[in-house]
$ cat run_30.cif   # mmCIF, C-alpha atoms and all ligand atoms
data_upload
#
loop_
_atom_site.group_PDB
_atom_site.id
_atom_site.type_symbol
_atom_site.label_atom_id
_atom_site.label_comp_id
_atom_site.auth_asym_id
_atom_site.auth_seq_id
_atom_site.Cartn_x
_atom_site.Cartn_y
_atom_site.Cartn_z
ATOM 1 C CA MET A 1 -124.423 -49.653 -78.024
ATOM 2 C CA LYS A 2 -122.253 -52.463 -76.636
ATOM 3 C CA GLU A 3 -123.193 -54.609 -79.640
ATOM 4 C CA ILE A 4 -121.966 -51.838 -81.943
ATOM 5 C CA LEU A 5 -118.903 -50.584 -80.082
ATOM 6 C CA GLU A 6 -117.567 -54.048 -79.217
ATOM 7 C CA ARG A 7 -118.277 -55.594 -82.634
ATOM 8 C CA THR A 8 -115.326 -56.792 -84.620
ATOM 9 C CA SER A 9 -115.108 -59.206 -87.556
ATOM 10 C CA CYS A 10 -114.590 -62.813 -86.469
ATOM 11 C CA ARG A 11 -113.281 -65.324 -89.027
ATOM 12 C CA ASN A 12 -112.096 -68.005 -86.612
ATOM 13 C CA PHE A 13 -114.841 -70.119 -85.058
ATOM 14 C CA LYS A 14 -115.374 -73.065 -82.738
ATOM 15 C CA ASP A 15 -116.663 -76.177 -84.495
ATOM 16 C CA PHE A 16 -120.147 -75.773 -83.072
ATOM 17 C CA PRO A 17 -123.421 -75.192 -84.947
ATOM 18 C CA VAL A 18 -125.531 -72.057 -84.746
ATOM 19 C CA SER A 19 -128.909 -73.008 -83.260
ATOM 20 C CA ASP A 20 -132.093 -72.769 -85.334
ATOM 21 C CA GLU A 21 -133.366 -70.250 -82.799
ATOM 22 C CA ASP A 22 -130.356 -67.963 -83.298
ATOM 23 C CA THR A 23 -130.564 -68.393 -87.069
ATOM 24 C CA GLU A 24 -134.140 -67.186 -86.992
ATOM 25 C CA LYS A 25 -133.160 -64.203 -84.819
ATOM 26 C CA LEU A 26 -130.443 -63.260 -87.325
ATOM 27 C CA LEU A 27 -132.920 -63.467 -90.205
ATOM 28 C CA ARG A 28 -135.537 -61.486 -88.279
ATOM 29 C CA ALA A 29 -132.959 -58.762 -87.603
ATOM 30 C CA ALA A 30 -132.015 -58.675 -91.302
ATOM 31 C CA MET A 31 -135.591 -58.403 -92.515
ATOM 32 C CA GLN A 32 -136.341 -55.642 -90.010
ATOM 33 C CA ALA A 33 -133.861 -53.352 -91.774
ATOM 34 C CA PRO A 34 -134.956 -50.129 -93.444
ATOM 35 C CA SER A 35 -135.161 -50.135 -97.240
ATOM 36 C CA MET A 36 -136.063 -47.573 -99.897
ATOM 37 C CA GLY A 37 -139.850 -47.352 -100.088
ATOM 38 C CA ASN A 38 -139.875 -50.454 -97.876
ATOM 39 C CA GLN A 39 -139.082 -52.490 -100.995
ATOM 40 C CA GLN A 40 -137.250 -55.248 -99.060
ATOM 41 C CA PRO A 41 -135.314 -56.398 -102.146
ATOM 42 C CA TRP A 42 -133.600 -59.275 -100.339
ATOM 43 C CA ASP A 43 -133.579 -63.054 -100.075
ATOM 44 C CA PHE A 44 -131.454 -65.206 -97.775
ATOM 45 C CA LEU A 45 -129.776 -68.549 -98.365
ATOM 46 C CA VAL A 46 -128.643 -70.468 -95.263
ATOM 47 C CA ILE A 47 -125.633 -72.762 -95.749
ATOM 48 C CA THR A 48 -124.331 -75.134 -93.057
ATOM 49 C CA ASP A 49 -123.435 -78.207 -95.124
ATOM 50 C CA LYS A 50 -119.673 -78.715 -94.711
ATOM 51 C CA ALA A 51 -119.143 -79.927 -98.285
ATOM 52 C CA LYS A 52 -120.918 -76.844 -99.629
ATOM 53 C CA LEU A 53 -118.894 -74.540 -97.334
ATOM 54 C CA GLU A 54 -115.671 -76.184 -98.587
ATOM 55 C CA GLU A 55 -116.747 -75.591 -102.162
ATOM 56 C CA LEU A 56 -117.791 -72.017 -101.402
ATOM 57 C CA ALA A 57 -114.335 -71.322 -99.939
ATOM 58 C CA GLY A 58 -113.031 -71.657 -103.501
ATOM 59 C CA ILE A 59 -114.666 -68.310 -104.282
ATOM 60 C CA ASP A 60 -111.352 -66.526 -103.647
ATOM 61 C CA THR A 61 -107.810 -67.269 -102.540
ATOM 62 C CA TYR A 62 -108.466 -65.111 -99.447
ATOM 63 C CA ALA A 63 -111.553 -67.032 -98.390
ATOM 64 C CA LYS A 64 -110.220 -70.179 -96.705
ATOM 65 C CA PHE A 65 -112.030 -69.253 -93.463
ATOM 66 C CA ILE A 66 -115.345 -69.857 -95.256
ATOM 67 C CA ALA A 67 -114.749 -73.634 -95.129
ATOM 68 C CA LYS A 68 -114.544 -73.529 -91.314
ATOM 69 C CA THR A 69 -117.496 -71.199 -90.758
ATOM 70 C CA PRO A 70 -120.332 -73.007 -88.930
ATOM 71 C CA GLU A 71 -123.084 -71.107 -90.734
ATOM 72 C CA ILE A 72 -123.238 -68.743 -93.659
ATOM 73 C CA ILE A 73 -126.281 -66.722 -94.570
ATOM 74 C CA MET A 74 -125.988 -65.349 -98.076
ATOM 75 C CA ILE A 75 -127.860 -62.136 -98.794
ATOM 76 C CA LEU A 76 -129.206 -61.913 -102.334
ATOM 77 C CA GLY A 77 -130.989 -59.124 -104.154
ATOM 78 C CA ASP A 78 -133.989 -60.007 -106.280
ATOM 79 C CA ARG A 79 -134.539 -57.772 -109.300
ATOM 80 C CA ASN A 80 -138.232 -58.710 -109.280
ATOM 81 C CA GLU A 81 -138.586 -57.101 -105.831
ATOM 82 C CA MET A 82 -136.775 -53.869 -106.751
ATOM 83 C CA ARG A 83 -139.125 -50.942 -107.250
ATOM 84 C CA PHE A 84 -136.083 -48.711 -106.660
ATOM 85 C CA PRO A 85 -133.205 -50.661 -108.233
ATOM 86 C CA GLU A 86 -130.706 -47.860 -107.557
ATOM 87 C CA THR A 87 -130.806 -48.455 -103.792
ATOM 88 C CA TRP A 88 -130.922 -52.246 -103.553
ATOM 89 C CA MET A 89 -127.314 -52.509 -102.377
ATOM 90 C CA MET A 90 -127.887 -49.914 -99.665
ATOM 91 C CA ASP A 91 -130.971 -51.832 -98.543
ATOM 92 C CA CYS A 92 -129.034 -55.103 -98.418
ATOM 93 C CA SER A 93 -126.214 -53.342 -96.546
ATOM 94 C CA ALA A 94 -128.675 -52.259 -93.857
ATOM 95 C CA ALA A 95 -129.851 -55.883 -93.551
ATOM 96 C CA ALA A 96 -126.233 -57.077 -93.357
ATOM 97 C CA GLN A 97 -125.334 -54.608 -90.619
ATOM 98 C CA ASN A 98 -128.439 -55.571 -88.619
ATOM 99 C CA MET A 99 -127.252 -59.181 -88.752
ATOM 100 C CA LEU A 100 -123.786 -58.272 -87.457
ATOM 101 C CA ILE A 101 -125.279 -56.351 -84.543
ATOM 102 C CA GLU A 102 -127.767 -59.125 -83.718
ATOM 103 C CA ALA A 103 -124.971 -61.712 -83.857
ATOM 104 C CA ASN A 104 -123.014 -59.717 -81.294
ATOM 105 C CA SER A 105 -126.034 -59.412 -79.047
ATOM 106 C CA LEU A 106 -126.440 -63.224 -79.252
ATOM 107 C CA GLY A 107 -122.783 -63.702 -78.286
ATOM 108 C CA LEU A 108 -121.865 -64.964 -81.752
ATOM 109 C CA GLY A 109 -118.920 -63.973 -83.899
ATOM 110 C CA ALA A 110 -119.694 -62.783 -87.398
ATOM 111 C CA TYR A 111 -118.203 -61.468 -90.619
ATOM 112 C CA TRP A 112 -119.318 -59.751 -93.827
ATOM 113 C CA PHE A 113 -117.758 -61.116 -96.999
ATOM 114 C CA GLY A 114 -118.700 -59.022 -100.034
ATOM 115 C CA ILE A 115 -119.671 -60.689 -103.293
ATOM 116 C CA VAL A 116 -121.415 -58.079 -105.384
ATOM 117 C CA GLN A 117 -118.335 -55.889 -105.923
ATOM 118 C CA SER A 118 -116.533 -58.683 -107.799
ATOM 119 C CA GLN A 119 -117.845 -60.172 -111.052
ATOM 120 C CA GLU A 120 -115.705 -63.290 -110.456
ATOM 121 C CA ARG A 121 -117.330 -63.838 -107.060
ATOM 122 C CA VAL A 122 -120.815 -63.229 -108.455
ATOM 123 C CA ASP A 123 -120.196 -65.714 -111.285
ATOM 124 C CA PHE A 124 -118.806 -68.307 -108.860
ATOM 125 C CA VAL A 125 -121.854 -68.166 -106.593
ATOM 126 C CA ARG A 126 -124.313 -67.952 -109.494
ATOM 127 C CA LYS A 127 -122.875 -71.155 -110.940
ATOM 128 C CA MET A 128 -122.539 -73.012 -107.648
ATOM 129 C CA PHE A 129 -126.153 -72.388 -106.598
ATOM 130 C CA ASP A 130 -127.663 -72.237 -110.086
ATOM 131 C CA LEU A 131 -129.192 -68.822 -109.346
ATOM 132 C CA PRO A 132 -131.852 -67.411 -111.658
ATOM 133 C CA GLU A 133 -130.861 -64.312 -113.687
ATOM 134 C CA SER A 134 -133.059 -62.020 -111.562
ATOM 135 C CA VAL A 135 -131.183 -62.901 -108.383
ATOM 136 C CA ILE A 136 -127.861 -61.200 -107.555
ATOM 137 C CA PRO A 137 -125.650 -62.493 -104.722
ATOM 138 C CA PHE A 138 -124.754 -59.585 -102.436
ATOM 139 C CA SER A 139 -122.701 -60.911 -99.522
ATOM 140 C CA LEU A 140 -121.865 -63.902 -97.379
ATOM 141 C CA MET A 141 -122.528 -63.351 -93.693
ATOM 142 C CA GLY A 142 -120.600 -65.845 -91.549
ATOM 143 C CA PHE A 143 -121.671 -66.816 -88.012
ATOM 144 C CA GLY A 144 -120.510 -69.040 -85.203
ATOM 145 C CA LYS A 145 -119.097 -69.221 -81.715
ATOM 146 C CA MET A 146 -115.953 -67.111 -81.536
ATOM 147 C CA ASN A 147 -112.649 -68.772 -80.813
ATOM 148 C CA ARG A 148 -111.311 -65.557 -79.310
ATOM 149 C CA TRP A 149 -112.603 -62.011 -78.984
ATOM 150 C CA THR A 150 -110.218 -59.106 -79.308
ATOM 151 C CA LYS A 151 -111.326 -55.631 -78.327
ATOM 152 C CA PRO A 152 -111.740 -53.500 -81.459
ATOM 153 C CA GLU A 153 -109.813 -50.271 -81.896
ATOM 154 C CA ASP A 154 -111.667 -47.063 -81.059
ATOM 155 C CA ARG A 155 -112.298 -45.413 -84.434
ATOM 156 C CA PHE A 156 -113.936 -42.274 -83.139
ATOM 157 C CA ASP A 157 -112.300 -39.356 -84.948
ATOM 158 C CA ALA A 158 -113.354 -35.829 -83.985
ATOM 159 C CA ALA A 159 -111.667 -34.485 -87.159
ATOM 160 C CA ARG A 160 -114.403 -36.153 -89.249
ATOM 161 C CA ILE A 161 -117.162 -34.159 -87.595
ATOM 162 C CA HIS A 162 -118.269 -30.853 -89.080
ATOM 163 C CA SER A 163 -120.572 -28.473 -87.293
ATOM 164 C CA GLU A 164 -123.048 -26.274 -89.157
ATOM 165 C CA LYS A 165 -120.576 -25.642 -92.076
ATOM 166 C CA TRP A 166 -117.855 -27.627 -93.911
HETATM 167 C C1 LIG B 201 -118.941 -54.112 -98.229
HETATM 168 C C2 LIG B 201 -117.992 -54.940 -97.432
HETATM 169 C C3 LIG B 201 -117.298 -55.961 -98.044
HETATM 170 C C4 LIG B 201 -116.412 -56.759 -97.307
HETATM 171 N N1 LIG B 201 -115.778 -57.786 -97.931
HETATM 172 C C5 LIG B 201 -114.905 -58.556 -97.231
HETATM 173 C C6 LIG B 201 -114.233 -59.636 -97.875
HETATM 174 O O1 LIG B 201 -114.407 -59.875 -99.068
HETATM 175 N N2 LIG B 201 -113.406 -60.395 -97.123
HETATM 176 C C7 LIG B 201 -113.201 -60.163 -95.798
HETATM 177 O O2 LIG B 201 -112.435 -60.898 -95.170
HETATM 178 N N3 LIG B 201 -113.830 -59.135 -95.145
HETATM 179 C C8 LIG B 201 -114.667 -58.330 -95.837
HETATM 180 N N4 LIG B 201 -115.320 -57.289 -95.211
HETATM 181 C C9 LIG B 201 -115.043 -57.010 -93.776
HETATM 182 C C10 LIG B 201 -114.071 -55.839 -93.621
HETATM 183 O O3 LIG B 201 -112.793 -56.210 -94.071
HETATM 184 C C11 LIG B 201 -114.029 -55.414 -92.148
HETATM 185 O O4 LIG B 201 -115.321 -55.051 -91.729
HETATM 186 C C12 LIG B 201 -113.077 -54.237 -91.933
HETATM 187 O O5 LIG B 201 -111.754 -54.632 -92.160
HETATM 188 C C13 LIG B 201 -113.177 -53.627 -90.533
HETATM 189 O O6 LIG B 201 -112.916 -54.602 -89.569
HETATM 190 P P1 LIG B 201 -113.995 -54.957 -88.436
HETATM 191 O O7 LIG B 201 -115.212 -55.544 -89.128
HETATM 192 O O8 LIG B 201 -113.311 -55.975 -87.564
HETATM 193 O O9 LIG B 201 -114.351 -53.713 -87.735
HETATM 194 C C14 LIG B 201 -116.214 -56.502 -95.921
HETATM 195 C C15 LIG B 201 -116.944 -55.471 -95.310
HETATM 196 C C16 LIG B 201 -117.828 -54.709 -96.039
HETATM 197 C C17 LIG B 201 -118.641 -53.628 -95.348
#

$ encode --input "run_30.cif" --output "structure tokens" --more "lines below"
Ligand SMILES: Cc1cc2nc3c(=O)[nH]c(=O)nc-3n(C[C@H](O)[C@H](O)[C@H](O)COP(=O)(O)O)c2cc1C
Amino acid sequence: MKEILERTSCRNFKDFPVSDEDTEKLLRAAMQAPSMGNQQPWDFLVITDKAKLEELAGIDTYAKFIAKTPEIIMILGDRNEMRFPETWMMDCSAAAQNMLIEANSLGLGAYWFGIVQSQERVDFVRKMFDLPESVIPFSLMGFGKMNRWTKPEDRFDAARIHSEKW
């Protein structure tokens, strides 16, 4: 629970690479996620090249922190792997959340930067990485050593809980 309750988005990292071992753990956590009919509609693209990260930061005016992120793992949906296309985003969300929790358990900071909700962002990434038509960029997951950790607010809200009836 610590990894969940003490998780908070980190967009400010030390200039230090994520180890190959930790990268594999993040990817293992992602691929262990539940998915509709176990369709596993995802692919992952690991980006650590500084020039590429700089270019990727041009995806949005509010994305400057991307350039200074040690490692980004992009989650992509593959239409060819979707037996249940209506749930692919939920499946990829489960993979994304697993990565955030694993990052926290590894002592890494992490963020989730959505792509799929914005056609401009999708087009930017599609062009930059020359993605095939069947592949849809879902999110950028950023990882690295945190510069500073701040305790997240407690969001527990008893008013949101309903018992037996609405
Ligand atoms: C679907 C989704 C899309 C998101 N997109 C962005 C984004 O484009 N840029 C960003 O800085 N954070 C993005 N976030 C992170 C949220 O802003 C963040 O999780 C939220 O403000 C709560 O803060 P916390 O993660 O520190 O608890 C996204 C999160 C989700 C789940």

$ closest_residue --input "run_30.cif" --among "A:Gly109, A:Met141, A:Met128, A:Trp166" --to "A:Glu6" --atoms "all atoms listed in the file"
A:Gly109

$ residues_near_ligand --input "run_30.cif" --ligand "ligand LIG 201 (chain B)" --cutoff "6 Å" --atoms "only C-alpha atoms and all ligand atoms" --output "list in words"
Thr8, Ser9, Trp112, Phe113 and Gly114 of chain A

$ closest_atom_pairs --input "run_30.cif" --of "stretch 34-151 of chain A" --to "stretch 13-16 of chain A" --cutoff "7 Å" --atoms "all atoms listed in the file" --output "JSON lines"
{"residue": "A:Thr69", "atom": "CA", "partner": "A:Phe13", "partner_atom": "CA", "distance": 6.4}
{"residue": "A:Pro70", "atom": "CA", "partner": "A:Phe16", "partner_atom": "CA", "distance": 6.5}
{"residue": "A:Gly144", "atom": "CA", "partner": "A:Phe13", "partner_atom": "CA", "distance": 5.8}
{"residue": "A:Lys145", "atom": "CA", "partner": "A:Lys14", "partner_atom": "CA", "distance": 5.4}
{"residue": "A:Met146", "atom": "CA", "partner": "A:Phe13", "partner_atom": "CA", "distance": 4.8}
{"residue": "A:Asn147", "atom": "CA", "partner": "A:Phe13", "partner_atom": "CA", "distance": 5.0}

$ residues_around --input "run_30.cif" --residues "A:Gly37" --least-positions-apart "5" --cutoff "10 Å" --atoms "only C-alpha atoms" --output "JSON list (two decimals) with C-alpha atoms, keeping the file's coordinate frame"
[["chain", "number", "residue", "atom", "x", "y", "z"],
["A", 82, "MET", "CA", -136.78, -53.87, -106.75],
["A", 83, "ARG", "CA", -139.12, -50.94, -107.25],
["A", 84, "PHE", "CA", -136.08, -48.71, -106.66],
["A", 87, "THR", "CA", -130.81, -48.46, -103.79]]

$ residues_around --input "run_30.cif" --residues "A:Ile101" --least-positions-apart "3" --cutoff "10 Å" --atoms "only C-alpha atoms" --output "ChimeraX atom specification"
/A:1-8,26,29-30,96-98,104-110

$ atom_distance --input "run_30.cif" --atom1 "atom CA of A:Pro41" --atom2 "atom CA of A:Glu86"
11.1 Å

$ closest_residue --input "run_30.cif" --among "A:Asp43, A:Asp49, A:Asp91, A:Glu102" --to "A:Asp78" --atoms "all atoms listed in the file"
A:Asp43

$ resolve_selection --input "run_30.cif" --expression "the PyMOL selection byres (((chain A and resi 55) around 12) and not hetatm)" --output "JSON list (two decimals) with C-alpha atoms, keeping the file's coordinate frame"
[["chain", "number", "residue", "atom", "x", "y", "z"],
["A", 47, "ILE", "CA", -125.63, -72.76, -95.75],
["A", 48, "THR", "CA", -124.33, -75.13, -93.06],
["A", 49, "ASP", "CA", -123.44, -78.21, -95.12],
["A", 50, "LYS", "CA", -119.67, -78.72, -94.71],
["A", 51, "ALA", "CA", -119.14, -79.93, -98.28],
["A", 52, "LYS", "CA", -120.92, -76.84, -99.63],
["A", 53, "LEU", "CA", -118.89, -74.54, -97.33],
["A", 54, "GLU", "CA", -115.67, -76.18, -98.59],
["A", 56, "LEU", "CA", -117.79, -72.02, -101.40],
["A", 57, "ALA", "CA", -114.34, -71.32, -99.94],
["A", 58, "GLY", "CA", -113.03, -71.66, -103.50],
["A", 59, "ILE", "CA", -114.67, -68.31, -104.28],
["A", 60, "ASP", "CA", -111.35, -66.53, -103.65],
["A", 63, "ALA", "CA", -111.55, -67.03, -98.39],
["A", 64, "LYS", "CA", -110.22, -70.18, -96.70],
["A", 65, "PHE", "CA", -112.03, -69.25, -93.46],
["A", 66, "ILE", "CA", -115.34, -69.86, -95.26],
["A", 67, "ALA", "CA", -114.75, -73.63, -95.13],
["A", 68, "LYS", "CA", -114.54, -73.53, -91.31],
["A", 124, "PHE", "CA", -118.81, -68.31, -108.86],
["A", 125, "VAL", "CA", -121.85, -68.17, -106.59],
["A", 127, "LYS", "CA", -122.88, -71.16, -110.94],
["A", 128, "MET", "CA", -122.54, -73.01, -107.65],
["A", 129, "PHE", "CA", -126.15, -72.39, -106.60]]

$ closest_residue --input "run_30.cif" --among "A:Leu100, A:Lys25, A:Val135, A:Arg121" --to "A:Gly77" --atoms "all atoms listed in the file"
A:Val135

$ axis_aligned_box --input "run_30.cif" --around "stretch 71-90 of chain A" --padding-each-side "4 Å" --output "lines of an AutoDock Vina configuration file"
center_x = -131.1
center_y = -59.5
center_z = -100.0
size_x = 24.0
size_y = 31.2
size_z = 26.6

$ atom_distance --input "run_30.cif" --atom1 "atom CA of A:Ala94" --atom2 "atom CA of A:Glu133"
23.3 Å

$ atom_distance --input "run_30.cif" --atom1 "atom CA of A:Cys10" --atom2 "atom CA of A:Tyr111"
5.7 Å

$ closest_residue --input "run_30.cif" --among "A:His162, A:Asp22, A:Leu76, A:Asp157" --to "A:Ala95" --atoms "all atoms listed in the file"
A:Leu76

$ build_atoms --input "run_30.cif" --residues "stretch 7-29 of chain A" --atoms "N, CA and C atoms" --output "PDB file, in the coordinates of the input"
ATOM      1  N   ARG A   7    -118.260 -54.703 -81.469  1.00  0.00           N
ATOM      2  CA  ARG A   7    -118.277 -55.594 -82.634  1.00  0.00           C
ATOM      3  C   ARG A   7    -116.938 -55.546 -83.360  1.00  0.00           C
ATOM      4  N   THR A   8    -116.510 -56.712 -83.781  1.00  0.00           N
ATOM      5  CA  THR A   8    -115.326 -56.792 -84.620  1.00  0.00           C
ATOM      6  C   THR A   8    -115.508 -58.027 -85.502  1.00  0.00           C
ATOM      7  N   SER A   9    -114.927 -58.035 -86.687  1.00  0.00           N
ATOM      8  CA  SER A   9    -115.108 -59.206 -87.556  1.00  0.00           C
ATOM      9  C   SER A   9    -114.454 -60.419 -86.921  1.00  0.00           C
ATOM     10  N   CYS A  10    -115.138 -61.547 -86.961  1.00  0.00           N
ATOM     11  CA  CYS A  10    -114.590 -62.813 -86.469  1.00  0.00           C
ATOM     12  C   CYS A  10    -114.568 -63.785 -87.642  1.00  0.00           C
ATOM     13  N   ARG A  11    -113.391 -64.356 -87.919  1.00  0.00           N
ATOM     14  CA  ARG A  11    -113.281 -65.324 -89.027  1.00  0.00           C
ATOM     15  C   ARG A  11    -112.719 -66.659 -88.538  1.00  0.00           C
ATOM     16  N   ASN A  12    -112.681 -66.817 -87.227  1.00  0.00           N
ATOM     17  CA  ASN A  12    -112.096 -68.005 -86.612  1.00  0.00           C
ATOM     18  C   ASN A  12    -113.078 -68.523 -85.557  1.00  0.00           C
ATOM     19  N   PHE A  13    -113.714 -69.662 -85.874  1.00  0.00           N
ATOM     20  CA  PHE A  13    -114.841 -70.119 -85.058  1.00  0.00           C
ATOM     21  C   PHE A  13    -114.589 -71.469 -84.410  1.00  0.00           C
ATOM     22  N   LYS A  14    -115.338 -71.724 -83.337  1.00  0.00           N
ATOM     23  CA  LYS A  14    -115.374 -73.065 -82.738  1.00  0.00           C
ATOM     24  C   LYS A  14    -116.224 -73.955 -83.645  1.00  0.00           C
ATOM     25  N   ASP A  15    -115.913 -75.244 -83.659  1.00  0.00           N
ATOM     26  CA  ASP A  15    -116.663 -76.177 -84.495  1.00  0.00           C
ATOM     27  C   ASP A  15    -117.968 -76.546 -83.777  1.00  0.00           C
ATOM     28  N   PHE A  16    -118.912 -75.643 -83.834  1.00  0.00           N
ATOM     29  CA  PHE A  16    -120.147 -75.773 -83.072  1.00  0.00           C
ATOM     30  C   PHE A  16    -121.265 -75.105 -83.887  1.00  0.00           C
ATOM     31  N   PRO A  17    -122.391 -75.786 -84.064  1.00  0.00           N
ATOM     32  CA  PRO A  17    -123.421 -75.192 -84.947  1.00  0.00           C
ATOM     33  C   PRO A  17    -124.135 -73.989 -84.334  1.00  0.00           C
ATOM     34  N   VAL A  18    -124.662 -73.154 -85.185  1.00  0.00           N
ATOM     35  CA  VAL A  18    -125.531 -72.057 -84.746  1.00  0.00           C
ATOM     36  C   VAL A  18    -126.931 -72.666 -84.599  1.00  0.00           C
ATOM     37  N   SER A  19    -127.598 -72.378 -83.491  1.00  0.00           N
ATOM     38  CA  SER A  19    -128.909 -73.008 -83.260  1.00  0.00           C
ATOM     39  C   SER A  19    -129.949 -72.449 -84.244  1.00  0.00           C
ATOM     40  N   ASP A  20    -131.001 -73.235 -84.461  1.00  0.00           N
ATOM     41  CA  ASP A  20    -132.093 -72.769 -85.334  1.00  0.00           C
ATOM     42  C   ASP A  20    -132.706 -71.487 -84.779  1.00  0.00           C
ATOM     43  N   GLU A  21    -132.778 -71.427 -83.447  1.00  0.00           N
ATOM     44  CA  GLU A  21    -133.366 -70.250 -82.799  1.00  0.00           C
ATOM     45  C   GLU A  21    -132.542 -68.991 -83.116  1.00  0.00           C
ATOM     46  N   ASP A  22    -131.216 -69.119 -82.996  1.00  0.00           N
ATOM     47  CA  ASP A  22    -130.356 -67.963 -83.298  1.00  0.00           C
ATOM     48  C   ASP A  22    -130.399 -67.626 -84.786  1.00  0.00           C
ATOM     49  N   THR A  23    -130.475 -68.649 -85.627  1.00  0.00           N
ATOM     50  CA  THR A  23    -130.564 -68.393 -87.069  1.00  0.00           C
ATOM     51  C   THR A  23    -131.810 -67.575 -87.378  1.00  0.00           C
ATOM     52  N   GLU A  24    -132.910 -67.948 -86.741  1.00  0.00           N
ATOM     53  CA  GLU A  24    -134.140 -67.186 -86.992  1.00  0.00           C
ATOM     54  C   GLU A  24    -134.003 -65.738 -86.501  1.00  0.00           C
ATOM     55  N   LYS A  25    -133.339 -65.574 -85.347  1.00  0.00           N
ATOM     56  CA  LYS A  25    -133.160 -64.203 -84.819  1.00  0.00           C
ATOM     57  C   LYS A  25    -132.319 -63.363 -85.781  1.00  0.00           C
ATOM     58  N   LEU A  26    -131.287 -63.978 -86.361  1.00  0.00           N
ATOM     59  CA  LEU A  26    -130.443 -63.260 -87.325  1.00  0.00           C
ATOM     60  C   LEU A  26    -131.263 -62.844 -88.549  1.00  0.00           C
ATOM     61  N   LEU A  27    -132.103 -63.755 -89.019  1.00  0.00           N
ATOM     62  CA  LEU A  27    -132.920 -63.467 -90.205  1.00  0.00           C
ATOM     63  C   LEU A  27    -133.991 -62.420 -89.898  1.00  0.00           C
ATOM     64  N   ARG A  28    -134.550 -62.496 -88.682  1.00  0.00           N
ATOM     65  CA  ARG A  28    -135.537 -61.486 -88.279  1.00  0.00           C
ATOM     66  C   ARG A  28    -134.896 -60.099 -88.232  1.00  0.00           C
ATOM     67  N   ALA A  29    -133.674 -60.049 -87.680  1.00  0.00           N
ATOM     68  CA  ALA A  29    -132.959 -58.762 -87.603  1.00  0.00           C
ATOM     69  C   ALA A  29    -132.709 -58.230 -89.013  1.00  0.00           C
TER      70      ALA A  29
END
